[in-house]
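Enquirer: Quick one: structure below, then a few questions.
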Amino acid sequence: MSQTGPSAPAPLQGGRLALISVALALGTFMQVLDSTIANVSIPTISGNLGVSTDQGTWVITLFAMANGVSVPLTGWLMGRYGVVKTFAASVVLFTIASFLCGVAWDLPSLLFFRILQGGVSGPMIPGSQALLISIFPPARRGFALAIWSMTTLVAPICGPILGGWISDNTTWRWIFFINVPVGIFCAFICYRGLASRETPTFKRPIDTVGFGLLLIWVCCLQVMLDRGQDADWFHSVSIVVLAIISAITLVGWLIWELTEKNPIVDLSLFKSRNFALGTLVFCLAYAVFFGANVLQPLWLQTRLGYIATWAGLVAAPSGVVAVLLTPLFARYSSVIDARITGTLALLAFALSFFMRAGLPPDASFRILVLPMLVQGIAMSTFFVSMLTIQLKDVPPQQTPAASGLSNFARITAGGFAASLTTAFWDHRASVHQSALADGQASHSAAFTQALATLQGAGGSAKQSLASLVGQVVNQAYDIAAVDIFWLFGVLAVIMVPLIWLARRSLSGGAPVAAD
């Protein structure tokens, strides 16, 4: 959406360029940060609001759902109102929604404000990217994209650490309040500095039917996945109804979008083999990556006794490695086939998951960090490789639509994966808990001896039994986490052949931004 042609304003220079670049980068940083900062805070938020960690996870999934659904509207909004106004308005609304999240009084209010926060954040990332490109001279636009890309990698490093520190030392509400001063600064500087550089606007029809159907099927499916575990899945009438509505509206949406003259989502892009295969792998791989990032802090805090700060520090090294290696891979992206670097990313993801599946329950901090270092290698090339494969055969005029569709699919897949991961973790834990309980029945000599030992240490019969039951539950959840990491590793390996069904892809020397 950057301005081009002879009428485009001249690039900015000096201190003004630096100040506005920082403000735009902060807009990206703030949005990406909010997709990760809550991950390590879920146990704290859940405990404070008196709900289960499963319900607390909705804070992550509903934000992702709302953000994903809002992405297809971004192109229409920027064309209708201009990139500067759309971006500044999005930042202002995001800041207000962040404040409301911080003052939420119960879970329903927090979830409502998170949906609002995700819904208004759609234009923030594409807007910041387009405006950064427009204010730099053509010869330095690669540098502008590098600033933008590095911001999207630094934010996931800071998110878990900052979220953990805030949860342990103040109140979880500050994970949202910290957006307020940043958002005010970003919106003020960007609008004041760029209002005179507003992009041309034009009226064009909006696919309200397509957007309505999209909203219904995505929301129904997300709510079904979030509530399924508590409602006993398809034994619940409400879950069945949600599934039927989601399926019907999905089919209706697909038919409508394929026949609509101005669709909200251009599904014709899937005619390209590279785009179809690239998007499929992008979504599946991001889903297991996002699911693992939700599961790990929950596992560390609820079962291994980690506080939020240290759970965040375990995750941080992956981002550090990604920041260090991304420029190296980007430099050679014009000569190395993206299928090769994509394979490297998937195999590194798989190795990281397999390493986590082999961790003992008493693993030290250093041992827990090692798989995250390997994951950093995957992150450093994954986004660049997948986007290069996807956009291989997409005409330049369709690139914005392709990027929007890719991001919608990726973000939505991440939200679905977070819900499925926590539900599957609970299910597998129940299975293992039953098996462990059968093996430690009251007639078992080992069980009787353990009970006697605890009672000999001063515990009552009731306290000793509760202690043993707690150990069984923890062990069941540990084994269930291992099951999931093994599954994620296998899925990552299975995706590798799909990449090689695509055509050879090079970035053409242009930096490919990862979001």
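Labeling convention for the structure tokens: chains A, B, ... as they appear, residues from 1 per chain, ligands from 1 in order of appearance.
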Need to verify the contact set: segment 428-438 of chain A, 7 Å, only C-alpha atoms, exclusion of same-chain residues closer than 2 positions in sequence. Can you return it as a CSV table (one decimal) with C-alpha atoms, in the first residue's frame?
Expert:
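Final output, out_9.csv:
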```csv
chain,number,residue,atom,x,y,z
A,424,PHE,CA,-5.6,-33.0,24.0
A,425,TRP,CA,-3.2,-32.5,26.9
A,426,ASP,CA,-6.1,-32.9,29.4
A,440,GLN,CA,-1.1,-48.4,42.1
A,441,ALA,CA,-4.2,-49.9,43.4
A,472,VAL,CA,0.0,-39.5,40.0
A,473,VAL,CA,-1.7,-36.5,38.4
A,476,ALA,CA,0.1,-38.2,34.0
A,477,TYR,CA,0.4,-34.7,32.7
A,480,ALA,CA,0.8,-36.4,28.2
```
Enquirer: Taking 4 positions as the minimum chain separation for residues in the same chain, which residues sit within 7 Å of Gln390 of chain A when counting only C-alpha atoms? Answer as a ChimeraX atom specification.
Expert: /A:274-275,278-279,386
Enquirer: Could you tell me, as number ranges by chain, which residues of segment 230-340 of chain A DSSP assigns to helix (DSSP H, G or I) when given the backbone?
Expert: A: 233-235, 237-259, 267-271, 273-302, 308-331, 338-340
Enquirer: Considering only C-alpha atoms, state which residue in the set A:Ile255, A:Leu420, A:Ala357, A:Leu12 is at the smallest distance from Arg140 of chain A.
Expert: A:Leu12
Enquirer: Could you tell me which of A:Trp486, A:Trp500, A:Phe63, A:Trp233 comes closest to Thr36 of chain A if we count only C-alpha atoms?
Expert: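 The closest residue to Thr36 of chain A is A:Phe63.
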Enquirer: Fewer than 5 positions away in the same chain doesn't count, so skip those; otherwise give me all residues within 9 Å of Gly163 of chain A, counting only C-alpha atoms, as an MDAnalysis selection string.
Expert: chainID A and resid 36:41 158 168 172 174:175 308:309 312
Enquirer: Env of segment 342-348 of chain A: 6 Å cut, atoms = only C-alpha atoms, seq-sep filter 5 positions within chain, self excluded. Answer as a ChimeraX atom specification.
Expert: /A:378,382,385,492,496
Enquirer: Calculate how many Å separate atom CA of Leu284 of chain A from atom CA of Asp207 of chain A, rounding to one decimal.
Expert: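 Separation between atom CA of Leu284 of chain A and atom CA of Asp207 of chain A: 27.6 Å.
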Enquirer: Within 12 Å of Ser364 of chain A, counting only C-alpha atoms, which residues show up once you throw out same-chain ones fewer than 3 positions away? Write them as a PyMOL selection string, please.
Expert: chain A and resi 300+304-306+310+314+359-361+367-370
Enquirer: Provide the atom CA of Val321 of chain A to atom CA of Leu280 of chain A distance in Å, to one decimal place.
Expert: 25.8 Å
Enquirer: I'd like the interatomic distance between atom CA of Leu506 of chain A and atom CA of Lys392 of chain A, to a tenth of an Å.
Expert: 7.6 Å
Enquirer: Using only C-alpha atoms, find each residue of segment 11-113 of chain A with at least one atom at most 8 Å away from an atom of segment 214-231 of chain A; report its shortest atom-to-atom pair and that distance in Å (one decimal), sort the rows by chain and rising residue number, and return the result as a Markdown table.
Expert:
```
| residue | atom | partner | partner_atom | distance |
| --- | --- | --- | --- | --- |
| A:Gln55 | CA | A:Asp226 | CA | 7.6 |
| A:Trp58 | CA | A:Asp226 | CA | 6.6 |
| A:Thr61 | CA | A:Gln222 | CA | 7.7 |
| A:Leu62 | CA | A:Gln222 | CA | 7.5 |
| A:Met65 | CA | A:Gln222 | CA | 7.1 |
| A:Val69 | CA | A:Leu215 | CA | 6.5 |
```
Enquirer: Keeping only N, CA and C atoms, write those residues as a CSV table (one decimal), in the first residue's frame.
Expert:
```csv
chain,number,residue,atom,x,y,z
A,55,GLN,N,-9.7,-22.7,30.7
A,55,GLN,CA,-10.5,-21.5,30.4
A,55,GLN,C,-9.6,-20.3,30.2
A,58,TRP,N,-8.3,-19.3,26.8
A,58,TRP,CA,-9.2,-18.6,25.9
A,58,TRP,C,-8.7,-17.2,25.7
A,61,THR,N,-6.5,-17.8,22.6
A,61,THR,CA,-7.2,-18.3,21.4
A,61,THR,C,-8.1,-17.2,20.8
A,62,LEU,N,-8.9,-16.6,21.7
A,62,LEU,CA,-9.9,-15.6,21.2
A,62,LEU,C,-9.2,-14.4,20.6
A,65,MET,N,-8.1,-15.6,17.2
A,65,MET,CA,-9.3,-15.7,16.3
A,65,MET,C,-9.7,-14.3,15.8
A,69,VAL,N,-9.5,-13.0,11.8
A,69,VAL,CA,-10.7,-12.6,11.0
A,69,VAL,C,-10.6,-11.2,10.5
```
Enquirer: Between A:Val237, A:Leu258, A:Ala311, A:Val120, which residue has the minimum interatomic distance to Ile96 of chain A, considering only C-alpha atoms?
Expert: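 Among the listed residues, the smallest separation from Ile96 of chain A belongs to A:Val120.
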Enquirer: Do you know which residues are at most 7 Å from segment 400-417 of chain A counting only C-alpha atoms, after dropping those on the same chain fewer than 4 positions away, and could you put them as an MDAnalysis selection string?
Expert: chainID A and resid 61 64:65 68:69 71:72 222 265:266 269 279 282:283 286:288 290:291 421
